[in-house]
Structures are given as C-alpha cells and as structure tokens.
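Next up, work.txt (compact mmCIF, C-alpha atoms and all ligand atoms):
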```txt
# COMPACT_ATOMS: atom_id res chain seq x y z
CA MET A 11 -6.56 186.27 84.53
CA LYS A 12 -6.88 187.07 88.25
CA ALA A 13 -7.56 190.72 89.14
CA TYR A 14 -8.27 192.36 92.48
CA THR A 15 -11.48 194.26 91.82
CA TYR A 16 -13.51 197.07 93.40
CA VAL A 17 -16.85 195.24 93.47
CA SER A 18 -18.85 197.56 95.77
CA GLU A 19 -18.26 200.20 98.43
CA GLY A 20 -16.23 198.65 101.20
CA LYS A 21 -15.51 195.53 99.16
CA PHE A 22 -12.61 194.37 96.99
CA GLU A 23 -12.51 190.82 95.63
CA LEU A 24 -10.14 188.67 93.60
CA THR A 25 -12.07 188.04 90.37
CA GLU A 26 -11.50 186.38 87.02
CA LYS A 27 -11.22 188.89 84.13
CA GLN A 28 -10.28 188.91 80.45
CA LYS A 29 -6.61 189.65 79.85
CA PRO A 30 -6.34 193.30 78.67
CA VAL A 31 -5.63 194.06 75.00
CA LEU A 32 -4.09 197.05 73.21
CA MET A 33 -6.81 199.64 72.56
CA HIS A 34 -4.73 202.51 71.22
CA GLU A 35 -1.45 202.85 69.30
CA ARG A 36 0.19 204.45 72.36
CA ASP A 37 -0.79 201.61 74.76
CA ALA A 38 1.35 198.83 76.18
CA ILE A 39 0.35 195.61 77.91
CA VAL A 40 2.54 194.81 80.90
CA LYS A 41 2.78 191.45 82.64
CA ILE A 42 2.93 192.41 86.32
CA THR A 43 5.61 190.82 88.46
CA LEU A 44 5.11 192.82 91.68
CA ALA A 45 2.41 195.23 92.78
CA SER A 46 2.08 197.02 96.09
CA ILE A 47 -0.78 198.22 98.23
CA CYS A 48 -1.14 201.94 98.84
CA SER A 49 -3.26 203.80 101.37
CA SER A 50 -5.06 205.39 98.39
CA ASP A 51 -6.38 201.90 97.60
CA LEU A 52 -7.99 201.91 101.04
CA HIS A 53 -9.46 205.35 100.32
CA ILE A 54 -11.14 203.83 97.24
CA LYS A 55 -12.39 200.88 99.27
CA HIS A 56 -14.01 203.17 101.81
CA GLY A 57 -15.65 205.37 99.23
CA SER A 58 -13.55 208.50 99.72
CA VAL A 59 -12.41 208.65 96.08
CA PRO A 60 -15.64 209.61 94.28
CA ARG A 61 -14.12 209.30 90.80
CA ALA A 62 -13.13 205.66 91.39
CA VAL A 63 -15.18 203.44 89.10
CA LEU A 64 -16.90 200.29 90.37
CA GLY A 65 -15.62 197.14 88.70
CA ILE A 66 -12.10 198.41 88.00
CA THR A 67 -9.00 196.49 88.97
CA ILE A 68 -7.25 198.15 91.93
CA GLY A 69 -3.52 198.97 92.05
CA HIS A 70 -1.37 201.85 90.82
CA GLU A 71 2.13 200.99 92.03
CA MET A 72 3.70 198.10 90.15
CA VAL A 73 6.56 196.73 88.07
CA GLY A 74 6.53 194.14 85.33
CA VAL A 75 7.65 193.07 81.87
CA VAL A 76 6.33 194.63 78.67
CA GLU A 77 4.37 192.04 76.75
CA SER A 78 3.17 194.02 73.74
CA VAL A 79 3.15 197.63 72.56
CA GLY A 80 1.06 199.72 70.15
CA ASP A 81 2.53 200.97 66.86
CA ALA A 82 3.28 204.46 68.18
CA VAL A 83 5.26 203.32 71.25
CA THR A 84 9.00 203.91 70.84
CA HIS A 85 10.62 204.03 74.31
CA VAL A 86 9.84 200.50 75.43
CA LYS A 87 9.58 197.15 73.69
CA PRO A 88 8.36 193.65 74.55
CA GLY A 89 10.65 192.01 77.09
CA ASP A 90 11.70 195.25 78.81
CA ARG A 91 11.44 195.27 82.61
CA VAL A 92 9.58 198.44 83.57
CA THR A 93 8.11 200.52 86.38
CA VAL A 94 4.55 201.78 85.86
CA ASN A 95 3.82 205.40 86.71
CA VAL A 96 0.83 206.13 88.95
CA GLU A 97 -0.05 209.02 86.66
CA THR A 98 -1.17 208.81 83.08
CA PHE A 99 -0.05 211.78 81.02
CA CYS A 100 0.06 212.62 77.34
CA GLY A 101 3.40 214.45 77.26
CA GLU A 102 2.01 217.00 74.79
CA CYS A 103 -0.46 219.34 76.48
CA PHE A 104 0.40 222.71 78.09
CA PHE A 105 0.86 221.23 81.59
CA CYS A 106 2.80 218.15 80.45
CA LYS A 107 5.26 220.32 78.52
CA LYS A 108 5.93 222.34 81.68
CA GLY A 109 6.45 219.14 83.75
CA TYR A 110 3.13 219.57 85.60
CA VAL A 111 2.01 216.14 84.49
CA ASN A 112 -0.43 215.76 87.38
CA ASN A 113 -2.56 218.33 85.59
CA CYS A 114 -2.43 216.70 82.16
CA THR A 115 -5.61 217.78 80.36
CA ASN A 116 -6.05 214.54 78.41
CA GLU A 117 -9.23 212.67 79.43
CA ASN A 118 -7.05 209.83 80.75
CA GLY A 119 -4.67 212.30 82.43
CA GLY A 120 -3.86 212.18 86.15
CA TRP A 121 -4.52 209.24 88.42
CA ALA A 122 -6.39 206.84 86.13
CA LEU A 123 -4.79 203.40 86.69
CA GLY A 124 -6.47 201.50 89.48
CA CYS A 125 -9.01 204.30 89.92
CA ARG A 126 -10.81 205.13 86.66
CA ILE A 127 -9.28 202.37 84.49
CA ASP A 128 -8.04 198.89 85.37
CA GLY A 129 -4.88 198.92 87.48
CA GLY A 130 -2.14 196.52 88.45
CA GLN A 131 -3.09 194.25 91.33
CA ALA A 132 -3.59 191.68 88.60
CA GLU A 133 -1.62 189.50 86.23
CA TYR A 134 -1.62 192.05 83.39
CA VAL A 135 -2.35 195.75 82.96
CA ARG A 136 -2.95 197.99 79.95
CA VAL A 137 -0.95 201.23 80.27
CA PRO A 138 -2.06 204.21 78.12
CA PHE A 139 0.66 206.61 76.86
CA ALA A 140 3.22 203.91 77.51
CA ASP A 141 6.17 206.10 76.44
CA GLN A 142 5.32 208.43 79.35
CA GLY A 143 3.94 205.91 81.83
CA LEU A 144 6.65 203.24 81.68
CA ASN A 145 10.32 203.47 82.59
CA LYS A 146 12.92 200.82 81.92
CA ILE A 147 14.46 199.31 85.05
CA PRO A 148 18.29 199.37 84.89
CA GLU A 149 19.90 195.93 84.70
CA ASN A 150 21.45 196.05 88.16
CA VAL A 151 18.17 197.07 89.83
CA THR A 152 15.79 194.34 91.00
CA ASP A 153 12.00 194.47 90.71
CA ARG A 154 11.74 194.85 94.49
CA GLN A 155 14.17 197.77 94.48
CA ALA A 156 12.10 199.46 91.76
CA LEU A 157 8.61 198.68 93.10
CA LEU A 158 7.96 202.05 94.75
CA VAL A 159 9.34 204.20 91.92
CA GLY A 160 6.01 204.97 90.24
CA ASP A 161 4.06 206.24 93.24
CA VAL A 162 5.38 206.80 96.77
CA LEU A 163 8.99 207.39 95.72
CA ALA A 164 7.82 209.66 92.89
CA THR A 165 5.90 211.63 95.50
CA GLY A 166 8.86 211.86 97.87
CA TYR A 167 11.19 212.93 95.07
CA TRP A 168 8.78 215.58 93.83
CA ALA A 169 8.20 216.90 97.38
CA ALA A 170 11.94 217.24 98.03
CA ARG A 171 12.47 218.81 94.59
CA ILE A 172 9.92 221.62 95.02
CA SER A 173 10.93 222.44 98.60
CA GLU A 174 14.08 224.40 97.66
CA ILE A 175 16.21 222.72 100.36
CA THR A 176 19.77 223.98 100.91
CA GLU A 177 22.67 222.52 102.90
CA GLU A 178 22.17 225.12 105.68
CA ASP A 179 18.60 224.06 106.35
CA THR A 180 16.86 222.33 109.20
CA VAL A 181 14.14 220.26 107.52
CA LEU A 182 11.11 218.97 109.41
CA ILE A 183 9.17 216.05 107.90
CA ILE A 184 5.80 215.30 109.53
CA GLY A 185 4.68 211.69 109.04
CA ALA A 186 6.89 208.59 108.73
CA GLY A 187 4.58 206.38 106.71
CA PRO A 188 5.76 204.99 103.34
CA THR A 189 5.49 208.36 101.59
CA GLY A 190 7.11 210.15 104.52
CA ILE A 191 10.06 207.75 104.46
CA CYS A 192 10.43 208.12 100.68
CA THR A 193 10.35 211.88 101.21
CA LEU A 194 13.08 211.48 103.83
CA LEU A 195 15.27 209.48 101.41
CA CYS A 196 14.96 212.21 98.79
CA VAL A 197 15.48 215.04 101.29
CA MET A 198 18.69 213.28 102.43
CA LEU A 199 20.03 213.62 98.87
CA LYS A 200 19.91 217.43 99.34
CA LYS A 201 22.25 217.08 102.37
CA PRO A 202 20.52 219.58 104.70
CA GLN A 203 22.24 220.38 107.97
CA ARG A 204 19.59 218.61 110.03
CA ILE A 205 16.49 216.49 109.45
CA ILE A 206 13.78 216.06 112.07
CA MET A 207 11.09 213.46 111.57
CA CYS A 208 7.83 213.75 113.50
CA GLU A 209 5.64 210.64 113.89
CA LYS A 210 3.19 209.33 116.48
CA ASP A 211 3.55 205.60 115.79
CA GLU A 212 6.24 203.95 117.95
CA ASP A 213 7.07 201.22 115.39
CA ARG A 214 7.64 203.76 112.69
CA LEU A 215 9.84 205.93 114.92
CA GLN A 216 11.85 202.83 115.72
CA PHE A 217 12.18 202.04 112.00
CA ILE A 218 13.59 205.53 111.38
CA ASN A 219 15.98 205.30 114.34
CA GLU A 220 17.24 201.90 113.18
CA HIS A 221 17.67 202.65 109.48
CA TYR A 222 18.55 206.35 109.50
CA PRO A 223 20.28 207.03 112.85
CA GLU A 224 21.43 210.49 111.73
CA VAL A 225 17.80 211.66 111.58
CA LEU A 226 16.30 213.21 114.74
CA THR A 227 12.88 211.85 115.70
CA VAL A 228 10.10 213.30 117.82
CA SER A 229 6.44 212.73 118.71
CA PRO A 230 3.77 215.26 117.59
CA GLU A 231 3.21 216.40 121.19
CA GLU A 232 6.86 217.37 121.64
CA CYS A 233 7.46 218.49 118.08
CA ALA A 234 7.08 222.28 118.40
CA ASP A 235 9.46 222.57 121.38
CA PHE A 236 11.90 220.09 119.89
CA VAL A 237 12.12 221.98 116.60
CA GLN A 238 12.65 225.25 118.50
CA ALA A 239 15.49 223.67 120.47
CA ASN A 240 17.05 222.11 117.37
CA SER A 241 16.99 224.99 114.90
CA GLU A 242 18.74 228.34 114.72
CA HIS A 243 16.04 230.75 113.62
CA GLY A 244 12.94 229.99 115.62
CA GLY A 245 11.72 227.02 113.63
CA ALA A 246 12.37 224.74 110.68
CA ASP A 247 13.61 226.33 107.46
CA ILE A 248 11.60 223.84 105.43
CA VAL A 249 8.61 221.78 106.55
CA LEU A 250 7.16 218.87 104.59
CA GLU A 251 3.72 217.77 105.82
CA VAL A 252 3.22 214.14 104.79
CA ALA A 253 0.90 212.95 107.57
CA GLY A 254 -2.50 214.41 106.68
CA ALA A 255 -3.89 213.95 110.19
CA ASP A 256 -6.36 216.32 111.88
CA SER A 257 -3.77 218.48 113.62
CA THR A 258 -0.74 218.16 111.36
CA PHE A 259 -1.49 221.03 108.99
CA ARG A 260 -1.43 223.45 111.90
CA LEU A 261 1.64 221.75 113.37
CA ALA A 262 3.43 222.18 110.04
CA TRP A 263 3.15 225.95 109.79
CA GLU A 264 3.56 226.46 113.54
CA CYS A 265 6.93 224.66 113.46
CA ALA A 266 8.13 226.72 110.48
CA ARG A 267 10.39 229.73 111.01
CA PRO A 268 9.41 233.05 109.42
CA ASN A 269 9.84 233.00 105.62
CA ALA A 270 9.99 229.21 105.54
CA ILE A 271 8.61 227.00 102.80
CA VAL A 272 5.86 224.62 103.92
CA THR A 273 5.22 221.84 101.42
CA ILE A 274 1.93 220.00 101.83
CA VAL A 275 2.35 216.49 100.43
CA ALA A 276 -0.51 214.96 102.45
CA LEU A 277 -4.00 214.30 101.19
CA TYR A 278 -6.52 215.34 103.85
CA ASN A 279 -9.96 213.88 104.41
CA GLU A 280 -11.27 217.21 105.66
CA ALA A 281 -10.83 220.87 104.71
CA GLN A 282 -8.04 222.63 106.60
CA THR A 283 -8.20 226.20 107.90
CA LEU A 284 -5.57 228.72 106.98
CA PRO A 285 -5.80 231.12 109.97
CA LEU A 286 -4.19 234.09 108.27
CA PRO A 287 -4.45 236.45 111.30
CA ASP A 288 -2.51 233.92 113.42
CA MET A 289 0.26 233.64 110.87
CA TYR A 290 0.38 237.26 109.83
CA GLY A 291 3.95 238.49 109.58
CA LYS A 292 5.35 234.98 109.35
CA ASN A 293 5.55 235.40 105.57
CA LEU A 294 5.31 231.71 104.77
CA THR A 295 5.30 230.13 101.35
CA PHE A 296 2.94 227.16 100.98
CA LYS A 297 3.32 224.59 98.21
CA THR A 298 0.46 222.13 97.87
CA GLY A 299 0.21 218.51 96.90
CA GLY A 300 -0.37 216.48 93.77
CA VAL A 301 2.78 214.69 92.64
CA ASP A 302 4.16 215.43 89.20
CA GLY A 303 5.48 211.91 88.66
CA CYS A 304 7.77 212.58 85.73
CA ASP A 305 11.16 211.95 87.37
CA CYS A 306 11.07 208.16 87.45
CA GLU A 307 14.02 207.82 85.10
CA LYS A 308 16.09 209.92 87.52
CA THR A 309 15.01 207.98 90.60
CA LEU A 310 15.75 204.67 88.86
CA LYS A 311 19.24 205.98 88.11
CA LEU A 312 19.68 207.01 91.77
CA ILE A 313 18.62 203.51 92.84
CA ALA A 314 21.09 201.97 90.36
CA GLU A 315 23.84 204.16 91.84
CA GLY A 316 22.94 203.05 95.37
CA LYS A 317 21.86 206.57 96.40
CA ILE A 318 18.24 205.64 97.14
CA ASP A 319 17.19 202.33 98.69
CA THR A 320 13.48 201.75 99.27
CA GLU A 321 13.74 197.99 99.67
CA PRO A 322 13.73 198.07 103.51
CA LEU A 323 10.25 199.61 103.29
CA ILE A 324 8.86 196.39 101.82
CA THR A 325 8.24 194.58 105.06
CA HIS A 326 5.85 191.88 103.81
CA THR A 327 5.30 189.85 100.62
CA TYR A 328 2.24 187.85 99.56
CA PRO A 329 1.19 186.01 96.40
CA LEU A 330 -1.76 187.51 94.49
CA SER A 331 -3.89 184.53 95.58
CA ARG A 332 -3.55 185.73 99.20
CA ILE A 333 -4.04 189.45 98.56
CA GLU A 334 -7.00 189.55 101.00
CA GLU A 335 -4.58 188.72 103.83
CA ALA A 336 -2.15 191.35 102.59
CA TYR A 337 -4.89 194.00 102.71
CA GLU A 338 -5.99 192.90 106.18
CA LEU A 339 -2.42 193.28 107.47
CA PHE A 340 -1.86 196.63 105.73
CA GLU A 341 -5.19 198.13 106.70
CA ASN A 342 -4.80 197.21 110.36
CA LYS A 343 -1.12 198.25 110.41
CA ARG A 344 -0.22 194.92 111.98
CA ASP A 345 3.25 193.44 112.50
CA GLY A 346 5.12 196.72 111.87
CA VAL A 347 4.00 196.77 108.24
CA ILE A 348 5.22 199.62 106.07
CA LYS A 349 4.74 198.34 102.52
CA VAL A 350 3.41 195.06 101.17
CA ALA A 351 4.59 193.56 97.89
CA VAL A 352 2.16 191.32 96.02
CA GLU A 353 3.65 188.76 93.64
CA CYS A 354 1.43 188.67 90.58
ZN ZN B 1 -0.66 205.45 95.91
ZN ZN B 2 -0.78 216.13 79.02
```

Starting from the file, give its structure as structure tokens.
Ligand SMILES: [Zn+2]
Ligand SMILES: [Zn+2]
Amino acid sequence: MKAYTYVSEGKFELTEKQKPVLMHERDAIVKITLASICSSDLHIKHGSVPRAVLGITIGHEMVGVVESVGDAVTHVKPGDRVTVNVETFCGECFFCKKGYVNNCTNENGGWALGCRIDGGQAEYVRVPFADQGLNKIPENVTDRQALLVGDVLATGYWAARISEITEEDTVLIIGAGPTGICTLLCVMLKKPQRIIMCEKDEDRLQFINEHYPEVLTVSPEECADFVQANSEHGGADIVLEVAGADSTFRLAWECARPNAIVTIVALYNEAQTLPLPDMYGKNLTFKTGGVDGCDCEKTLKLIAEGKIDTEPLITHTYPLSRIEEAYELFENKRDGVIKVAVEC
C-alpha cells in the first residue's frame, strides 16, 4: 500500500509499504478514507518532535472504515465508519480512569500514531486499543464532517471544557488557525456574552468575519486595548491561548482580568517566562496544554445534531498520490488554506 513516510529529517516521501496486520487482541485495522495534515506533522518534518521515529507513516487525524478487529475489541466491528483518535490510551490506568488520557502510562499511551508508530496518511492504519481510539461516525454525519474529530476538534472541545466558561463571560481566543477555530466552535456552545478572536493573518480574520459574524476580531497589536474597551472588568474573564507565537503567552495573561482563567492550548517552540512579579496580585489561574481526547463520542453527537460544523475549515482536498502538493500548499499557507483533506 501507499504510505506517506518520514524518511529523514526535513523529508517525507510517498513510499510502498506492507499493509498493516493485527498485532494484539485490542488492535483494529482501519481502511482510511480521508486523512488531514496537521501542523504537528510539519514539526516532525523539521525535527522538532524528538520522539518521532524515522520510517514511520505520518498522519494522526483521519477517518475510515474498520476492516478487521482483534478478539478483545467489542465497541467496533468490520464495516463500521469511524474516527481515529490522535491519542492512544489504554482506558485502564490511573490517568485514563480519571479522564486524563493524554497521560496514559501504557507504553503506547499518548501521541503514538503518526509519531512513534505508523499513522494514517496511508491506505490502512493499525490502531492499538481500538475500543478507546475509534469512535463510530453517526449515520447522518459524512466523513468530511467527522475528519477533524480526533485531533483539532478534540483539542478545541477539551480547551473549552476545562476553561470554566459561563454565560456572563467575555472570552478571548488568541490564534485563529485550525485549532483556534475549533476552540471557537466549542466556546460558542457555552454561550458566553462575548467572544473576541485575536489573529495576525488577514485571511484568517476574514474567514472568522465571514463565517462567525457575531465574533469580534482584532489584530495582536490592538488586542490589549480592544479587550479593555470590550470587557467590563479590566480584561477578559477567560483567555484561551492557541497561537503559540513568541509574544502570545505574554499577551494572553496581560489581556486577562484579575482572577481570570488563562488556558494555554498552544505548543511553543521555546520556553516561556512567567514573570511573577509583573503579575503579582492579578491572581490568575493557568491551565496548560495536552489534550485529553476522550470526548469524541460527544463531539460526533454534536456534529450529528448540527451544533458543531467543522466542514468549512476543510478548504482543500487532494488524492494521496498528490500529497506532496498538499503539504507544499499547507506549509506555505497558500490560497487561504486552513485544513487539507487527503483522499486515501
Ligand atoms: Zn495534530
Ligand atoms: Zn491508560
């Protein structure tokens, strides 16, 4: 089968590989219909994910049809249309039982697919702990509508869930990339009084203004003043930092009102300083990133009910044979790209 492979630092290539087989009684083999490209894939390509293993198939956000399952798999069966979770988790350890599946202590736990074991930018993928890692797609939901469920939407849902948002709140979201927009969709479900989205890219701001006209938008330069002018208590009640740029950590806590919650969803390339003297007396609560992707059944239900729609985020579609072009477009942020679907 064809698989998009991490062949050396800075280089991915479409290669021919053996079709995966069941290796454990809790595995499933999934025939991929659609996969997407994530910025984490680019981090692997450029060597900033040290645990990524050379030779693995890239891809950790995909949907497909179950082809075969191990003897211990009970929740899915061959023929089921499923989403694949970015995280592999056992469902049995201390952290899994508490819902902190990102910290699963199993050796395969955490982000394994498309990083430490073969992922889904390929025709088939082997999914360990299939009862945890696969979710059935409701009948009235298409593969495209479900494509982002396992990764960026899971992250947005988790971020909104832990941020303790109420209907009185002014919520600031920094970063309107794919994860930022998914965060926005999930924050909207909490019906806060006001949502402000901060983003530097003009195309992305335009996308927000077109699709979600009720959301206020602002550039990073004007963000602090704008939030002051558009909130009641000297800043945002809740801030979600999804950008991960050099200055956005500082911007996040500076735009927060005293006693706010600041949720850090972003993954930074560099260490960030926490200047405690500068923020003394602000009494902030910080929550830090690492999605617990165990709410996919809920998000699929919300999609089925028409309450979440991530399909507009898929701006481009390519066949697997042209995945190089898809990466080139995504990496260079050309043509207003937000998310690329790859037909496998
Ligand atoms: Zn990802
Ligand atoms: Zn576990």

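Residue nearest A:Val272, chosen from A:Thr25, A:Asn113, A:Ser173, A:Asn240 and counting only C-alpha atoms: A:Ser173.
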
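We find atom CA of A:Leu44 and atom CA of A:Lys311 to be spaced 19.6 Å apart.
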
From the list A:Glu307, A:Glu231, A:Glu321, A:Asp302, the nearest residue to A:Val92 using only C-alpha atoms is A:Glu307

Name the residues, by chain letter and number, that sit within 12 Å of ligand ZN 2 (chain B) using all atoms listed in the file, and give them as JSON, numbers by chain. {"A": [97, 98, 99, 100, 101, 102, 103, 104, 105, 106, 107, 108, 109, 110, 111, 112, 113, 114, 115, 116, 117, 118, 119, 120, 139, 142, 143, 302, 304]}

Identify which of the residues A:Asn269, A:Thr325, A:Asn145, A:Thr176 lies closest to A:Phe217, counting all atoms listed in the file when measuring atom-to-atom distances. A:Thr325

Please identify all protein, DNA and RNA residues within 7 Å of ligand ZN 1 (chain B), counting all atoms listed in the file, and report them as number ranges by chain. A: 48-51, 70-71, 161-162

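Considering the residues A:Val350, A:Val76, A:Ala164, A:Ile68 and counting only C-alpha atoms, A:Ala140 has its shortest atom-to-atom contact with A:Val76.
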
From the options A:Val135, A:Leu157, A:Cys265, A:Leu163, which residue's atoms come nearest to A:Ala45, counting all atoms listed in the file?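 Closest residue, counting all atoms listed in the file: A:Leu157.
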
Hey, what's within 6 Å of stretch 241-257 of chain A if we count all atoms listed in the file and toss same-chain stuff fewer than 5 positions away? As a ChimeraX atom specification, please? /A:179-185,190,265-267,270-278

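Atom CA of A:Ala62 is found 11.3 Å from atom CA of A:Val17.
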
If we count only C-alpha atoms and set the cut-off at 10 Å, which residues sit around A:Met289, ignoring sequence neighbours fewer than 4 positions away in its own chain? Please answer as a PyMOL selection string. chain A and resi 263-264+268+284-285+293-294

Rounded to one decimal in Å, what is the spacing between atom CA of A:Leu261 and atom CA of A:Ala281?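 Taking atom CA of A:Leu261 as the start and atom CA of A:Ala281 as the end point, the length is 15.2 Å.
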
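Comparing A:Ala38, A:Val159, A:Cys192, A:Val151 by their smallest distance to A:Gly303, the closest is A:Val159 (using only C-alpha atoms).
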
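Residues in contact with A:Val75 at 10 Å, where all atoms listed in the file are counted and same-chain residues fewer than 4 positions away are skipped, are listed as A:Ile39, A:Val40, A:Lys41, A:Ile42, A:Thr43, A:Lys87, A:Pro88, A:Gly89, A:Asp90, A:Arg91, A:Val92, A:Thr93, A:Tyr134, A:Lys146, A:Ile147, A:Asp153.
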
Using C-alpha atoms, can you write the selected residues to a file as a tab-separated table (two decimals), in the coordinates of the input?
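What follows is the written file selection26.tsv:
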```tsv
chain	number	residue	atom	x	y	z
A	39	ILE	CA	0.35	195.61	77.91
A	40	VAL	CA	2.54	194.81	80.90
A	41	LYS	CA	2.78	191.45	82.64
A	42	ILE	CA	2.93	192.41	86.32
A	43	THR	CA	5.61	190.82	88.46
A	87	LYS	CA	9.58	197.15	73.69
A	88	PRO	CA	8.36	193.65	74.55
A	89	GLY	CA	10.65	192.01	77.09
A	90	ASP	CA	11.70	195.25	78.81
A	91	ARG	CA	11.44	195.27	82.61
A	92	VAL	CA	9.58	198.44	83.57
A	93	THR	CA	8.11	200.52	86.38
A	134	TYR	CA	-1.62	192.05	83.39
A	146	LYS	CA	12.92	200.82	81.92
A	147	ILE	CA	14.46	199.31	85.05
A	153	ASP	CA	12.00	194.47	90.71
```

Would you kindly return, as a list in words, each protein, DNA or RNA residue with an atom no farther than 8 Å from any atom of A:Leu215, considering only C-alpha atoms and excluding same-chain residues fewer than 3 positions away? Ala186, Glu209, Lys210, Asp211, Glu212, Ile218, Asn219, Thr227 and Val228 of chain A

Where atoms are absent from stretch 186-210 of chain A, fill them in so it carries N, CA and C atoms, then output it as a PDB file, in the frame of the given file.
```pdb
ATOM      1  N   ALA A 186       5.878 209.573 109.149  1.00  0.00           N
ATOM      2  CA  ALA A 186       6.890 208.590 108.730  1.00  0.00           C
ATOM      3  C   ALA A 186       6.227 207.323 108.202  1.00  0.00           C
ATOM      4  N   GLY A 187       5.154 207.502 107.452  1.00  0.00           N
ATOM      5  CA  GLY A 187       4.580 206.380 106.710  1.00  0.00           C
ATOM      6  C   GLY A 187       5.415 206.151 105.454  1.00  0.00           C
ATOM      7  N   PRO A 188       4.969 205.283 104.541  1.00  0.00           N
ATOM      8  CA  PRO A 188       5.760 204.990 103.340  1.00  0.00           C
ATOM      9  C   PRO A 188       6.131 206.249 102.537  1.00  0.00           C
ATOM     10  N   THR A 189       5.176 207.153 102.352  1.00  0.00           N
ATOM     11  CA  THR A 189       5.490 208.360 101.590  1.00  0.00           C
ATOM     12  C   THR A 189       6.433 209.266 102.373  1.00  0.00           C
ATOM     13  N   GLY A 190       6.220 209.342 103.682  1.00  0.00           N
ATOM     14  CA  GLY A 190       7.110 210.150 104.520  1.00  0.00           C
ATOM     15  C   GLY A 190       8.543 209.637 104.475  1.00  0.00           C
ATOM     16  N   ILE A 191       8.706 208.320 104.502  1.00  0.00           N
ATOM     17  CA  ILE A 191      10.060 207.750 104.460  1.00  0.00           C
ATOM     18  C   ILE A 191      10.691 207.984 103.077  1.00  0.00           C
ATOM     19  N   CYS A 192       9.898 207.828 102.025  1.00  0.00           N
ATOM     20  CA  CYS A 192      10.430 208.120 100.680  1.00  0.00           C
ATOM     21  C   CYS A 192      10.812 209.589 100.559  1.00  0.00           C
ATOM     22  N   THR A 193      10.011 210.458 101.188  1.00  0.00           N
ATOM     23  CA  THR A 193      10.350 211.880 101.210  1.00  0.00           C
ATOM     24  C   THR A 193      11.677 212.085 101.927  1.00  0.00           C
ATOM     25  N   LEU A 194      11.825 211.407 103.065  1.00  0.00           N
ATOM     26  CA  LEU A 194      13.080 211.480 103.830  1.00  0.00           C
ATOM     27  C   LEU A 194      14.274 211.075 102.954  1.00  0.00           C
ATOM     28  N   LEU A 195      14.146 209.961 102.237  1.00  0.00           N
ATOM     29  CA  LEU A 195      15.270 209.480 101.410  1.00  0.00           C
ATOM     30  C   LEU A 195      15.667 210.527 100.374  1.00  0.00           C
ATOM     31  N   CYS A 196      14.672 211.219  99.835  1.00  0.00           N
ATOM     32  CA  CYS A 196      14.960 212.210  98.790  1.00  0.00           C
ATOM     33  C   CYS A 196      15.461 213.523  99.392  1.00  0.00           C
ATOM     34  N   VAL A 197      14.964 213.865 100.591  1.00  0.00           N
ATOM     35  CA  VAL A 197      15.480 215.040 101.290  1.00  0.00           C
ATOM     36  C   VAL A 197      16.951 214.819 101.647  1.00  0.00           C
ATOM     37  N   MET A 198      17.299 213.592 102.060  1.00  0.00           N
ATOM     38  CA  MET A 198      18.690 213.280 102.430  1.00  0.00           C
ATOM     39  C   MET A 198      19.649 213.559 101.268  1.00  0.00           C
ATOM     40  N   LEU A 199      19.169 213.367 100.039  1.00  0.00           N
ATOM     41  CA  LEU A 199      20.030 213.620  98.870  1.00  0.00           C
ATOM     42  C   LEU A 199      20.436 215.092  98.773  1.00  0.00           C
ATOM     43  N   LYS A 200      19.626 215.976  99.375  1.00  0.00           N
ATOM     44  CA  LYS A 200      19.910 217.430  99.340  1.00  0.00           C
ATOM     45  C   LYS A 200      20.897 217.819 100.438  1.00  0.00           C
ATOM     46  N   LYS A 201      21.275 216.864 101.299  1.00  0.00           N
ATOM     47  CA  LYS A 201      22.250 217.080 102.370  1.00  0.00           C
ATOM     48  C   LYS A 201      21.978 218.310 103.246  1.00  0.00           C
ATOM     49  N   PRO A 202      20.762 218.457 103.781  1.00  0.00           N
ATOM     50  CA  PRO A 202      20.520 219.580 104.700  1.00  0.00           C
ATOM     51  C   PRO A 202      21.287 219.367 105.995  1.00  0.00           C
ATOM     52  N   GLN A 203      21.472 220.459 106.727  1.00  0.00           N
ATOM     53  CA  GLN A 203      22.240 220.380 107.970  1.00  0.00           C
ATOM     54  C   GLN A 203      21.604 219.415 108.959  1.00  0.00           C
ATOM     55  N   ARG A 204      20.274 219.389 108.995  1.00  0.00           N
ATOM     56  CA  ARG A 204      19.590 218.610 110.030  1.00  0.00           C
ATOM     57  C   ARG A 204      18.228 218.176 109.499  1.00  0.00           C
ATOM     58  N   ILE A 205      17.834 216.945 109.808  1.00  0.00           N
ATOM     59  CA  ILE A 205      16.490 216.490 109.450  1.00  0.00           C
ATOM     60  C   ILE A 205      15.801 216.007 110.718  1.00  0.00           C
ATOM     61  N   ILE A 206      14.589 216.501 110.935  1.00  0.00           N
ATOM     62  CA  ILE A 206      13.780 216.060 112.070  1.00  0.00           C
ATOM     63  C   ILE A 206      12.536 215.377 111.511  1.00  0.00           C
ATOM     64  N   MET A 207      12.250 214.198 112.036  1.00  0.00           N
ATOM     65  CA  MET A 207      11.090 213.460 111.570  1.00  0.00           C
ATOM     66  C   MET A 207      10.098 213.346 112.725  1.00  0.00           C
ATOM     67  N   CYS A 208       8.869 213.796 112.487  1.00  0.00           N
ATOM     68  CA  CYS A 208       7.830 213.750 113.500  1.00  0.00           C
ATOM     69  C   CYS A 208       6.828 212.647 113.168  1.00  0.00           C
ATOM     70  N   GLU A 209       6.552 211.775 114.146  1.00  0.00           N
ATOM     71  CA  GLU A 209       5.640 210.640 113.890  1.00  0.00           C
ATOM     72  C   GLU A 209       5.075 210.174 115.219  1.00  0.00           C
ATOM     73  N   LYS A 210       3.803 209.770 115.224  1.00  0.00           N
ATOM     74  CA  LYS A 210       3.190 209.330 116.480  1.00  0.00           C
ATOM     75  C   LYS A 210       3.342 207.834 116.721  1.00  0.00           C
TER      76      LYS A 210
END
```
